[in-house]
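Engineer: Quick one: the structure is below, questions incoming.
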Amino acid sequence: MSGGGLKAISIATVITLIIGFGLVFFWTPMDADQGFKQKIFYVHVPLSVVALAGFIAGGIEGFRHLRTNNNRHDLNSYVFIHLSVVFGVGALLTGAIWAKASWGHWWVWEEPTLVSFLIVFLMYCTYYPFRYAIEDRDRQARYASVFAITAGAFVPLNFMAVRMADSIIHPRVFATSEGGLPASMLFTFLICLLGIGLLWVTLVKLEQLGKRASGQVSRLRRALDADPGRRGSVGGRIAPSGEVR
Amino acid sequence: MTSSFTAFKAILGKDLRTELRTMRSLPAMILFAVTTFIIFRFGLDRTVLSGSLAGGVIWMTLLFAAILGINRIFLAEREEGGFDAIRLAPVDRSAMFLAKAAALFTYLVVLELIVVPTFALFFLPQWSGLIPMIPVLAGANLGLAVLGTLISSMAVNSRARDLLVPLLLLPLVVPLMIAATGATAPLLEPAGPTYDDYGTWLLVMALYDGIFCLVGYTVFEFLLED
């Protein structure tokens, strides 16, 4: 991936988000029921949708890594899950704010979507201690992929089970048979969804670039360490490993 | 190439024989469960349990006792080189997954044969809900056995294995526990068992078990590669 692609997509992200938030504040009608606080919906819902999609995509990349044994897919899987966890924090925080504003409590156990999201989020939080508890690089990649696949299969199951266990009070904005969203709200929501999605893609690309650069640096460092002819030119900066013993 | 079924029988037989001779897991699981009941008796300050409280206590206890067994299911393989042996042997690697899951299932059945009657003796006013609990126990055992085997095989080759098993397993079994407690609670009502959503919860468990059997069976061989 070139730096130019990153620049283009960053600019697209910024423009889409500005347009989206402009529409949120100045164009969409006030919600008759909830008033101004309903506007957090344009951030909260896209964050959670993008995070969940990212988790599933991480599972698919894990599957591709196991099939092709290409480490690029493992890197993708890691970065997807990592950024989805970050977006998940955002979704939980905005969700709690909305819950406090509209139901009066920061946390509502009767709300299946909230609870399922928390379970999924907690599960993906264990991805980090699990991944970094394995030292061997290849094994780490393989095990992380197995985790990503298992967790990806778990996401829809979990949503189903939690929803069946409780009553439904979450606003089902798209599912209601009559009414639903007015066109202006739906349009703004889609723009915001696109903006948050683009933000996710930008951050993914940035993270991949960083990971790749640091991988290259450590490869170069290892090559320098392994090549005794070059050691003189490096001077004292890199410890001459093995010579002391 | 030895057939998968022969390999399955050999590994399962070996596991059950070792457990019979060394008693490394089961006695600890049973003791843990019974002691937990005593803690619940004082923690909840109840001498009689029924409904969702009874369902919650029995399933929490069984789940945490199961984690003790899940932690150890691959320990011998790692310490005594069983993983290398299965890698060298000309058998299907999934046979090991199935055999380990079957061994874990057997442990859980033995655990429940002792622990569930003990629970009834301690807390339940009337026992007619125990017979319809059997399919629920079987469904949850299958899920715990399959996922436990998968998670244990992932965790045993990492540095923090005893820590990782509960950490990874608990969120994954939430849907299973929702279904198990959902089916159990109406069975343990003081007035006698009722069957609210009993079939639905069994179906949810069957779906869960089916999906993770497939996932585990498919991905297990990647965990053995080296």
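Please note that chains go A, B, ... in the order of the structure tokens, that every chain numbers its residues from 1, and that ligands are numbered from 1 in the order shown.
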Just want the 8 Å neighbourhood of Trp200 (chain A), counted on only C-alpha atoms, with same-chain residues fewer than 3 positions away dropped. Output as a PDB file with all heavy atoms, in the first residue's frame.
Structural biologist:
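Everything below was put into part.pdb:
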```pdb
ATOM      1  N   VAL A  50     -19.720  -0.928  12.682  1.00  0.00           N
ATOM      2  CA  VAL A  50     -18.388  -1.075  12.099  1.00  0.00           C
ATOM      3  C   VAL A  50     -17.542  -2.030  12.935  1.00  0.00           C
ATOM      4  O   VAL A  50     -16.834  -2.890  12.402  1.00  0.00           O
ATOM      5  CB  VAL A  50     -17.716   0.301  11.954  1.00  0.00           C
ATOM      6  CG1 VAL A  50     -16.252   0.160  11.591  1.00  0.00           C
ATOM      7  CG2 VAL A  50     -18.428   1.121  10.898  1.00  0.00           C
ATOM      8  N   LEU A  83      -8.538  -2.724  15.903  1.00  0.00           N
ATOM      9  CA  LEU A  83      -9.275  -1.474  15.739  1.00  0.00           C
ATOM     10  C   LEU A  83     -10.739  -1.636  16.083  1.00  0.00           C
ATOM     11  O   LEU A  83     -11.370  -0.702  16.577  1.00  0.00           O
ATOM     12  CB  LEU A  83      -9.091  -0.942  14.322  1.00  0.00           C
ATOM     13  CG  LEU A  83      -7.730  -0.257  14.269  1.00  0.00           C
ATOM     14  CD1 LEU A  83      -7.276  -0.065  12.864  1.00  0.00           C
ATOM     15  CD2 LEU A  83      -7.767   1.067  14.993  1.00  0.00           C
ATOM     16  N   ILE A 196     -17.735   6.737   9.434  1.00  0.00           N
ATOM     17  CA  ILE A 196     -17.089   5.937  10.488  1.00  0.00           C
ATOM     18  C   ILE A 196     -16.400   4.727   9.855  1.00  0.00           C
ATOM     19  O   ILE A 196     -15.295   4.343  10.261  1.00  0.00           O
ATOM     20  CB  ILE A 196     -18.127   5.507  11.540  1.00  0.00           C
ATOM     21  CG1 ILE A 196     -18.801   6.722  12.155  1.00  0.00           C
ATOM     22  CG2 ILE A 196     -17.487   4.623  12.592  1.00  0.00           C
ATOM     23  CD1 ILE A 196     -18.185   7.276  13.378  1.00  0.00           C
ATOM     24  N   GLY A 197     -17.026   4.147   8.864  1.00  0.00           N
ATOM     25  CA  GLY A 197     -16.410   3.019   8.164  1.00  0.00           C
ATOM     26  C   GLY A 197     -15.100   3.438   7.519  1.00  0.00           C
ATOM     27  O   GLY A 197     -14.078   2.741   7.617  1.00  0.00           O
ATOM     28  N   LEU A 203      -7.648   4.023   9.718  1.00  0.00           N
ATOM     29  CA  LEU A 203      -6.859   3.601  10.866  1.00  0.00           C
ATOM     30  C   LEU A 203      -6.244   2.228  10.630  1.00  0.00           C
ATOM     31  O   LEU A 203      -5.107   1.963  11.021  1.00  0.00           O
ATOM     32  CB  LEU A 203      -7.728   3.601  12.129  1.00  0.00           C
ATOM     33  CG  LEU A 203      -8.175   4.991  12.570  1.00  0.00           C
ATOM     34  CD1 LEU A 203      -9.128   4.903  13.744  1.00  0.00           C
ATOM     35  CD2 LEU A 203      -6.977   5.847  12.940  1.00  0.00           C
ATOM     36  N   VAL A 204      -6.985   1.345   9.966  1.00  0.00           N
ATOM     37  CA  VAL A 204      -6.446   0.020   9.637  1.00  0.00           C
ATOM     38  C   VAL A 204      -5.204   0.174   8.777  1.00  0.00           C
ATOM     39  O   VAL A 204      -4.163  -0.438   9.025  1.00  0.00           O
ATOM     40  CB  VAL A 204      -7.519  -0.836   8.912  1.00  0.00           C
ATOM     41  CG1 VAL A 204      -6.879  -1.969   8.143  1.00  0.00           C
ATOM     42  CG2 VAL A 204      -8.502  -1.405   9.916  1.00  0.00           C
TER      43      VAL A 204
END
```
Engineer: Could you find all residues in region 118-203 of chain A that DSSP calls alpha helix (DSSP H) from the backbone, and write them as a PDB file with N, CA and C atoms, in the first residue's frame?
Structural biologist:
```
ATOM      1  N   LEU A 118     -21.364  -6.217  25.027  1.00  0.00           N
ATOM      2  CA  LEU A 118     -20.367  -6.276  26.100  1.00  0.00           C
ATOM      3  C   LEU A 118     -19.672  -7.638  26.128  1.00  0.00           C
ATOM      4  N   ILE A 119     -20.448  -8.711  25.961  1.00  0.00           N
ATOM      5  CA  ILE A 119     -19.856 -10.054  25.986  1.00  0.00           C
ATOM      6  C   ILE A 119     -18.859 -10.210  24.836  1.00  0.00           C
ATOM      7  N   VAL A 120     -19.290  -9.791  23.649  1.00  0.00           N
ATOM      8  CA  VAL A 120     -18.405  -9.892  22.483  1.00  0.00           C
ATOM      9  C   VAL A 120     -17.143  -9.067  22.708  1.00  0.00           C
ATOM     10  N   PHE A 121     -17.329  -7.874  23.239  1.00  0.00           N
ATOM     11  CA  PHE A 121     -16.190  -6.990  23.488  1.00  0.00           C
ATOM     12  C   PHE A 121     -15.216  -7.629  24.482  1.00  0.00           C
ATOM     13  N   LEU A 122     -15.756  -8.182  25.582  1.00  0.00           N
ATOM     14  CA  LEU A 122     -14.890  -8.810  26.582  1.00  0.00           C
ATOM     15  C   LEU A 122     -14.137  -9.988  25.973  1.00  0.00           C
ATOM     16  N   MET A 123     -14.834 -10.739  25.114  1.00  0.00           N
ATOM     17  CA  MET A 123     -14.170 -11.877  24.521  1.00  0.00           C
ATOM     18  C   MET A 123     -12.999 -11.426  23.650  1.00  0.00           C
ATOM     19  N   TYR A 124     -13.222 -10.363  22.856  1.00  0.00           N
ATOM     20  CA  TYR A 124     -12.124  -9.911  21.990  1.00  0.00           C
ATOM     21  C   TYR A 124     -11.012  -9.246  22.791  1.00  0.00           C
ATOM     22  N   CYS A 125     -11.314  -8.785  24.005  1.00  0.00           N
ATOM     23  CA  CYS A 125     -10.235  -8.255  24.840  1.00  0.00           C
ATOM     24  C   CYS A 125      -9.240  -9.347  25.221  1.00  0.00           C
ATOM     25  N   TYR A 127      -8.144 -11.483  23.321  1.00  0.00           N
ATOM     26  CA  TYR A 127      -7.294 -11.759  22.157  1.00  0.00           C
ATOM     27  C   TYR A 127      -5.852 -11.325  22.415  1.00  0.00           C
ATOM     28  N   TYR A 128      -5.670 -10.212  23.095  1.00  0.00           N
ATOM     29  CA  TYR A 128      -4.304  -9.699  23.306  1.00  0.00           C
ATOM     30  C   TYR A 128      -3.494 -10.569  24.259  1.00  0.00           C
ATOM     31  N   PRO A 129      -4.004 -10.822  25.507  1.00  0.00           N
ATOM     32  CA  PRO A 129      -3.197 -11.692  26.383  1.00  0.00           C
ATOM     33  C   PRO A 129      -2.953 -13.052  25.760  1.00  0.00           C
ATOM     34  N   PHE A 130      -3.943 -13.557  25.008  1.00  0.00           N
ATOM     35  CA  PHE A 130      -3.768 -14.862  24.390  1.00  0.00           C
ATOM     36  C   PHE A 130      -2.663 -14.811  23.339  1.00  0.00           C
ATOM     37  N   ARG A 131      -2.740 -13.819  22.451  1.00  0.00           N
ATOM     38  CA  ARG A 131      -1.792 -13.744  21.361  1.00  0.00           C
ATOM     39  C   ARG A 131      -0.370 -13.577  21.871  1.00  0.00           C
ATOM     40  N   TYR A 132      -0.206 -12.704  22.865  1.00  0.00           N
ATOM     41  CA  TYR A 132       1.156 -12.406  23.305  1.00  0.00           C
ATOM     42  C   TYR A 132       1.676 -13.402  24.333  1.00  0.00           C
ATOM     43  N   ARG A 137       6.619 -17.251  16.538  1.00  0.00           N
ATOM     44  CA  ARG A 137       5.882 -16.357  15.628  1.00  0.00           C
ATOM     45  C   ARG A 137       4.818 -17.093  14.815  1.00  0.00           C
ATOM     46  N   ASP A 138       5.226 -18.208  14.204  1.00  0.00           N
ATOM     47  CA  ASP A 138       4.286 -18.920  13.334  1.00  0.00           C
ATOM     48  C   ASP A 138       3.123 -19.477  14.130  1.00  0.00           C
ATOM     49  N   ARG A 139       3.475 -20.043  15.291  1.00  0.00           N
ATOM     50  CA  ARG A 139       2.419 -20.608  16.123  1.00  0.00           C
ATOM     51  C   ARG A 139       1.489 -19.499  16.599  1.00  0.00           C
ATOM     52  N   GLN A 140       2.070 -18.342  16.954  1.00  0.00           N
ATOM     53  CA  GLN A 140       1.258 -17.210  17.396  1.00  0.00           C
ATOM     54  C   GLN A 140       0.228 -16.842  16.329  1.00  0.00           C
ATOM     55  N   ALA A 141       0.721 -16.754  15.077  1.00  0.00           N
ATOM     56  CA  ALA A 141      -0.177 -16.379  13.993  1.00  0.00           C
ATOM     57  C   ALA A 141      -1.272 -17.419  13.812  1.00  0.00           C
ATOM     58  N   ARG A 142      -0.888 -18.702  13.863  1.00  0.00           N
ATOM     59  CA  ARG A 142      -1.866 -19.759  13.633  1.00  0.00           C
ATOM     60  C   ARG A 142      -2.909 -19.789  14.745  1.00  0.00           C
ATOM     61  N   TYR A 143      -2.442 -19.714  15.988  1.00  0.00           N
ATOM     62  CA  TYR A 143      -3.381 -19.777  17.111  1.00  0.00           C
ATOM     63  C   TYR A 143      -4.301 -18.566  17.111  1.00  0.00           C
ATOM     64  N   ALA A 144      -3.732 -17.403  16.799  1.00  0.00           N
ATOM     65  CA  ALA A 144      -4.571 -16.202  16.767  1.00  0.00           C
ATOM     66  C   ALA A 144      -5.647 -16.348  15.702  1.00  0.00           C
ATOM     67  N   SER A 145      -5.311 -16.979  14.575  1.00  0.00           N
ATOM     68  CA  SER A 145      -6.307 -17.181  13.527  1.00  0.00           C
ATOM     69  C   SER A 145      -7.405 -18.113  13.997  1.00  0.00           C
ATOM     70  N   VAL A 146      -7.011 -19.174  14.710  1.00  0.00           N
ATOM     71  CA  VAL A 146      -8.021 -20.094  15.240  1.00  0.00           C
ATOM     72  C   VAL A 146      -8.946 -19.343  16.190  1.00  0.00           C
ATOM     73  N   PHE A 147      -8.370 -18.494  17.020  1.00  0.00           N
ATOM     74  CA  PHE A 147      -9.191 -17.684  17.930  1.00  0.00           C
ATOM     75  C   PHE A 147     -10.142 -16.802  17.130  1.00  0.00           C
ATOM     76  N   ALA A 148      -9.607 -16.140  16.097  1.00  0.00           N
ATOM     77  CA  ALA A 148     -10.438 -15.211  15.326  1.00  0.00           C
ATOM     78  C   ALA A 148     -11.609 -15.931  14.681  1.00  0.00           C
ATOM     79  N   ILE A 149     -11.379 -17.152  14.186  1.00  0.00           N
ATOM     80  CA  ILE A 149     -12.459 -17.911  13.543  1.00  0.00           C
ATOM     81  C   ILE A 149     -13.505 -18.316  14.584  1.00  0.00           C
ATOM     82  N   THR A 150     -13.030 -18.869  15.712  1.00  0.00           N
ATOM     83  CA  THR A 150     -13.960 -19.308  16.757  1.00  0.00           C
ATOM     84  C   THR A 150     -14.804 -18.128  17.233  1.00  0.00           C
ATOM     85  N   ALA A 151     -14.138 -17.010  17.488  1.00  0.00           N
ATOM     86  CA  ALA A 151     -14.847 -15.843  17.995  1.00  0.00           C
ATOM     87  C   ALA A 151     -15.805 -15.293  16.941  1.00  0.00           C
ATOM     88  N   GLY A 152     -15.392 -15.336  15.674  1.00  0.00           N
ATOM     89  CA  GLY A 152     -16.265 -14.844  14.602  1.00  0.00           C
ATOM     90  C   GLY A 152     -17.542 -15.657  14.519  1.00  0.00           C
ATOM     91  N   ALA A 153     -17.419 -16.991  14.703  1.00  0.00           N
ATOM     92  CA  ALA A 153     -18.614 -17.844  14.681  1.00  0.00           C
ATOM     93  C   ALA A 153     -19.487 -17.573  15.888  1.00  0.00           C
ATOM     94  N   PHE A 154     -18.848 -17.111  16.965  1.00  0.00           N
ATOM     95  CA  PHE A 154     -19.556 -16.914  18.227  1.00  0.00           C
ATOM     96  C   PHE A 154     -20.434 -15.656  18.197  1.00  0.00           C
ATOM     97  N   VAL A 155     -19.992 -14.632  17.444  1.00  0.00           N
ATOM     98  CA  VAL A 155     -20.679 -13.330  17.491  1.00  0.00           C
ATOM     99  C   VAL A 155     -22.180 -13.443  17.197  1.00  0.00           C
ATOM    100  N   PRO A 156     -22.601 -14.023  16.059  1.00  0.00           N
ATOM    101  CA  PRO A 156     -24.045 -14.096  15.799  1.00  0.00           C
ATOM    102  C   PRO A 156     -24.796 -14.985  16.792  1.00  0.00           C
ATOM    103  N   LEU A 157     -24.168 -16.104  17.201  1.00  0.00           N
ATOM    104  CA  LEU A 157     -24.800 -17.001  18.169  1.00  0.00           C
ATOM    105  C   LEU A 157     -25.109 -16.280  19.461  1.00  0.00           C
ATOM    106  N   ASN A 158     -24.118 -15.486  19.899  1.00  0.00           N
ATOM    107  CA  ASN A 158     -24.253 -14.781  21.152  1.00  0.00           C
ATOM    108  C   ASN A 158     -25.402 -13.776  21.085  1.00  0.00           C
ATOM    109  N   PHE A 159     -25.473 -13.064  19.970  1.00  0.00           N
ATOM    110  CA  PHE A 159     -26.552 -12.079  19.838  1.00  0.00           C
ATOM    111  C   PHE A 159     -27.908 -12.761  19.891  1.00  0.00           C
ATOM    112  N   MET A 160     -28.002 -13.922  19.255  1.00  0.00           N
ATOM    113  CA  MET A 160     -29.265 -14.644  19.250  1.00  0.00           C
ATOM    114  C   MET A 160     -29.648 -15.074  20.669  1.00  0.00           C
ATOM    115  N   ALA A 161     -28.691 -15.698  21.377  1.00  0.00           N
ATOM    116  CA  ALA A 161     -29.010 -16.248  22.697  1.00  0.00           C
ATOM    117  C   ALA A 161     -29.386 -15.154  23.681  1.00  0.00           C
ATOM    118  N   VAL A 162     -28.617 -14.049  23.663  1.00  0.00           N
ATOM    119  CA  VAL A 162     -28.901 -12.988  24.616  1.00  0.00           C
ATOM    120  C   VAL A 162     -30.249 -12.345  24.311  1.00  0.00           C
ATOM    121  N   ARG A 163     -30.551 -12.187  23.030  1.00  0.00           N
ATOM    122  CA  ARG A 163     -31.820 -11.565  22.672  1.00  0.00           C
ATOM    123  C   ARG A 163     -33.000 -12.426  23.103  1.00  0.00           C
ATOM    124  N   MET A 164     -32.817 -13.755  23.001  1.00  0.00           N
ATOM    125  CA  MET A 164     -33.918 -14.630  23.394  1.00  0.00           C
ATOM    126  C   MET A 164     -34.152 -14.601  24.893  1.00  0.00           C
ATOM    127  N   ALA A 165     -33.099 -14.278  25.660  1.00  0.00           N
ATOM    128  CA  ALA A 165     -33.208 -14.364  27.110  1.00  0.00           C
ATOM    129  C   ALA A 165     -33.990 -13.198  27.693  1.00  0.00           C
ATOM    130  N   ALA A 183     -36.750   9.929   5.829  1.00  0.00           N
ATOM    131  CA  ALA A 183     -35.708   9.825   4.809  1.00  0.00           C
ATOM    132  C   ALA A 183     -34.481  10.645   5.176  1.00  0.00           C
ATOM    133  N   SER A 184     -34.684  11.860   5.736  1.00  0.00           N
ATOM    134  CA  SER A 184     -33.528  12.709   6.037  1.00  0.00           C
ATOM    135  C   SER A 184     -32.657  12.068   7.113  1.00  0.00           C
ATOM    136  N   MET A 185     -33.285  11.435   8.098  1.00  0.00           N
ATOM    137  CA  MET A 185     -32.509  10.786   9.151  1.00  0.00           C
ATOM    138  C   MET A 185     -31.773   9.576   8.605  1.00  0.00           C
ATOM    139  N   LEU A 186     -32.447   8.799   7.767  1.00  0.00           N
ATOM    140  CA  LEU A 186     -31.814   7.609   7.206  1.00  0.00           C
ATOM    141  C   LEU A 186     -30.610   8.006   6.362  1.00  0.00           C
ATOM    142  N   PHE A 187     -30.794   9.051   5.545  1.00  0.00           N
ATOM    143  CA  PHE A 187     -29.708   9.508   4.671  1.00  0.00           C
ATOM    144  C   PHE A 187     -28.509   9.946   5.516  1.00  0.00           C
ATOM    145  N   THR A 188     -28.762  10.755   6.550  1.00  0.00           N
ATOM    146  CA  THR A 188     -27.677  11.214   7.415  1.00  0.00           C
ATOM    147  C   THR A 188     -26.999  10.043   8.107  1.00  0.00           C
ATOM    148  N   PHE A 189     -27.838   9.095   8.554  1.00  0.00           N
ATOM    149  CA  PHE A 189     -27.275   7.919   9.222  1.00  0.00           C
ATOM    150  C   PHE A 189     -26.324   7.176   8.281  1.00  0.00           C
ATOM    151  N   LEU A 190     -26.754   7.022   7.027  1.00  0.00           N
ATOM    152  CA  LEU A 190     -25.908   6.291   6.082  1.00  0.00           C
ATOM    153  C   LEU A 190     -24.601   7.031   5.827  1.00  0.00           C
ATOM    154  N   ILE A 191     -24.682   8.386   5.742  1.00  0.00           N
ATOM    155  CA  ILE A 191     -23.454   9.173   5.553  1.00  0.00           C
ATOM    156  C   ILE A 191     -22.520   8.975   6.747  1.00  0.00           C
ATOM    157  N   CYS A 192     -23.106   8.992   7.963  1.00  0.00           N
ATOM    158  CA  CYS A 192     -22.285   8.814   9.161  1.00  0.00           C
ATOM    159  C   CYS A 192     -21.682   7.421   9.193  1.00  0.00           C
ATOM    160  N   LEU A 193     -22.484   6.426   8.797  1.00  0.00           N
ATOM    161  CA  LEU A 193     -21.980   5.057   8.758  1.00  0.00           C
ATOM    162  C   LEU A 193     -20.796   4.966   7.800  1.00  0.00           C
ATOM    163  N   LEU A 194     -20.959   5.597   6.642  1.00  0.00           N
ATOM    164  CA  LEU A 194     -19.872   5.603   5.663  1.00  0.00           C
ATOM    165  C   LEU A 194     -18.638   6.287   6.238  1.00  0.00           C
ATOM    166  N   GLY A 195     -18.854   7.434   6.923  1.00  0.00           N
ATOM    167  CA  GLY A 195     -17.736   8.181   7.487  1.00  0.00           C
ATOM    168  C   GLY A 195     -16.984   7.376   8.526  1.00  0.00           C
ATOM    169  N   ILE A 196     -17.735   6.737   9.434  1.00  0.00           N
ATOM    170  CA  ILE A 196     -17.089   5.937  10.488  1.00  0.00           C
ATOM    171  C   ILE A 196     -16.400   4.727   9.855  1.00  0.00           C
ATOM    172  N   GLY A 197     -17.026   4.147   8.864  1.00  0.00           N
ATOM    173  CA  GLY A 197     -16.410   3.019   8.164  1.00  0.00           C
ATOM    174  C   GLY A 197     -15.100   3.438   7.519  1.00  0.00           C
ATOM    175  N   LEU A 198     -15.111   4.605   6.869  1.00  0.00           N
ATOM    176  CA  LEU A 198     -13.875   5.111   6.250  1.00  0.00           C
ATOM    177  C   LEU A 198     -12.813   5.394   7.302  1.00  0.00           C
ATOM    178  N   LEU A 199     -13.253   5.899   8.450  1.00  0.00           N
ATOM    179  CA  LEU A 199     -12.303   6.164   9.537  1.00  0.00           C
ATOM    180  C   LEU A 199     -11.626   4.865   9.960  1.00  0.00           C
ATOM    181  N   TRP A 200     -12.440   3.807  10.051  1.00  0.00           N
ATOM    182  CA  TRP A 200     -11.906   2.501  10.420  1.00  0.00           C
ATOM    183  C   TRP A 200     -10.876   2.045   9.391  1.00  0.00           C
ATOM    184  N   VAL A 201     -11.220   2.200   8.100  1.00  0.00           N
ATOM    185  CA  VAL A 201     -10.305   1.764   7.038  1.00  0.00           C
ATOM    186  C   VAL A 201      -9.003   2.564   7.109  1.00  0.00           C
ATOM    187  N   THR A 202      -9.122   3.896   7.322  1.00  0.00           N
ATOM    188  CA  THR A 202      -7.922   4.728   7.417  1.00  0.00           C
ATOM    189  C   THR A 202      -7.029   4.253   8.550  1.00  0.00           C
ATOM    190  N   LEU A 203      -7.648   4.023   9.718  1.00  0.00           N
ATOM    191  CA  LEU A 203      -6.859   3.601  10.866  1.00  0.00           C
ATOM    192  C   LEU A 203      -6.244   2.228  10.630  1.00  0.00           C
TER     193      LEU A 203
END
```
Engineer: Just need the residues of chain B within 9 Å of chain A, counting only C-alpha atoms, so spit them out as a PyMOL selection string.
Structural biologist: chain B and resi 151+154-155+157-161+164+167-172+174-176+178-179+182+201+204+207-208+211-212+215-216+219-220+222-223+225-226
Engineer: Identify, on the basis of only C-alpha atoms, every residue whose closest approach to Leu187 (chain B) does not exceed 8 Å; exclude the query and any residue fewer than 6 positions from it along the same chain; express the result as a list of chain:residue names.
Structural biologist: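 My list of contacting residues is B:Gly51, B:Gly129, B:Leu130, B:Pro132, B:Met133, B:Pro193, B:Thr194, B:Tyr195.
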Engineer: What does the distance between CA of Leu111 (chain B) and CA of Ile30 (chain B) come to in Å, to one decimal place?
Structural biologist: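 Distance between the two atoms: 6.0 Å.
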Engineer: Might you pull out every residue within 9 Å of Leu75 (chain A), with only C-alpha atoms counted and same-chain residues fewer than 4 positions away left off, and present them as a list of chain:residue names?
Structural biologist: A:Glu61, A:Asn71, A:Val79, A:Phe80, A:Ala141, A:Gln208, A:Lys211, A:Arg212
Engineer: Would you mind listing, for every residue of region 9-29 of chain B within 8 Å of region 63-74 of chain B, the two atoms forming the shortest contact and the distance between them in Å to one decimal, using only C-alpha atoms, sorted by chain and ascending residue number, as CSV?
Structural biologist:
```
residue,atom,partner,partner_atom,distance
B:Ser25,CA,B:Gly69,CA,5.5
B:Leu26,CA,B:Gly69,CA,7.1
B:Ala28,CA,B:Leu68,CA,7.8
B:Met29,CA,B:Ala65,CA,4.9
```
Engineer: Keeping C-alpha atoms, export the residues of the selection given above as a PDB file, in the first residue's frame.
Structural biologist:
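Saved to out00.pdb:
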```pdb
ATOM      1  CA  SER B  25      -8.838 -34.270  37.710  1.00  0.00           C
ATOM      2  CA  LEU B  26     -12.126 -35.817  38.757  1.00  0.00           C
ATOM      3  CA  ALA B  28     -10.658 -32.318  42.576  1.00  0.00           C
ATOM      4  CA  MET B  29     -13.622 -31.300  40.403  1.00  0.00           C
TER       5      MET B  29
END
```
Engineer: To one decimal place in Å, what is the distance between CA of Arg24 (chain B) and CA of Ser152 (chain B)?
Structural biologist: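 Straight-line distance from CA of Arg24 (chain B) to CA of Ser152 (chain B) works out to 16.0 Å.
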Engineer: Could you tell me how far CA of Val136 (chain B) sits from CA of Tyr198 (chain B), in Å to one decimal place?
Structural biologist: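 Interatomic distance here is 9.0 Å.
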Engineer: I'd like the neighbourhood of region 41-50 of chain B as a PyMOL selection string, where a residue qualifies if any of its atoms comes within 10 Å (using only C-alpha atoms), though same-chain residues fewer than 5 positions away should be ignored.
Structural biologist: chain B and resi 35-36+55-57+119-120+122-126+185-192
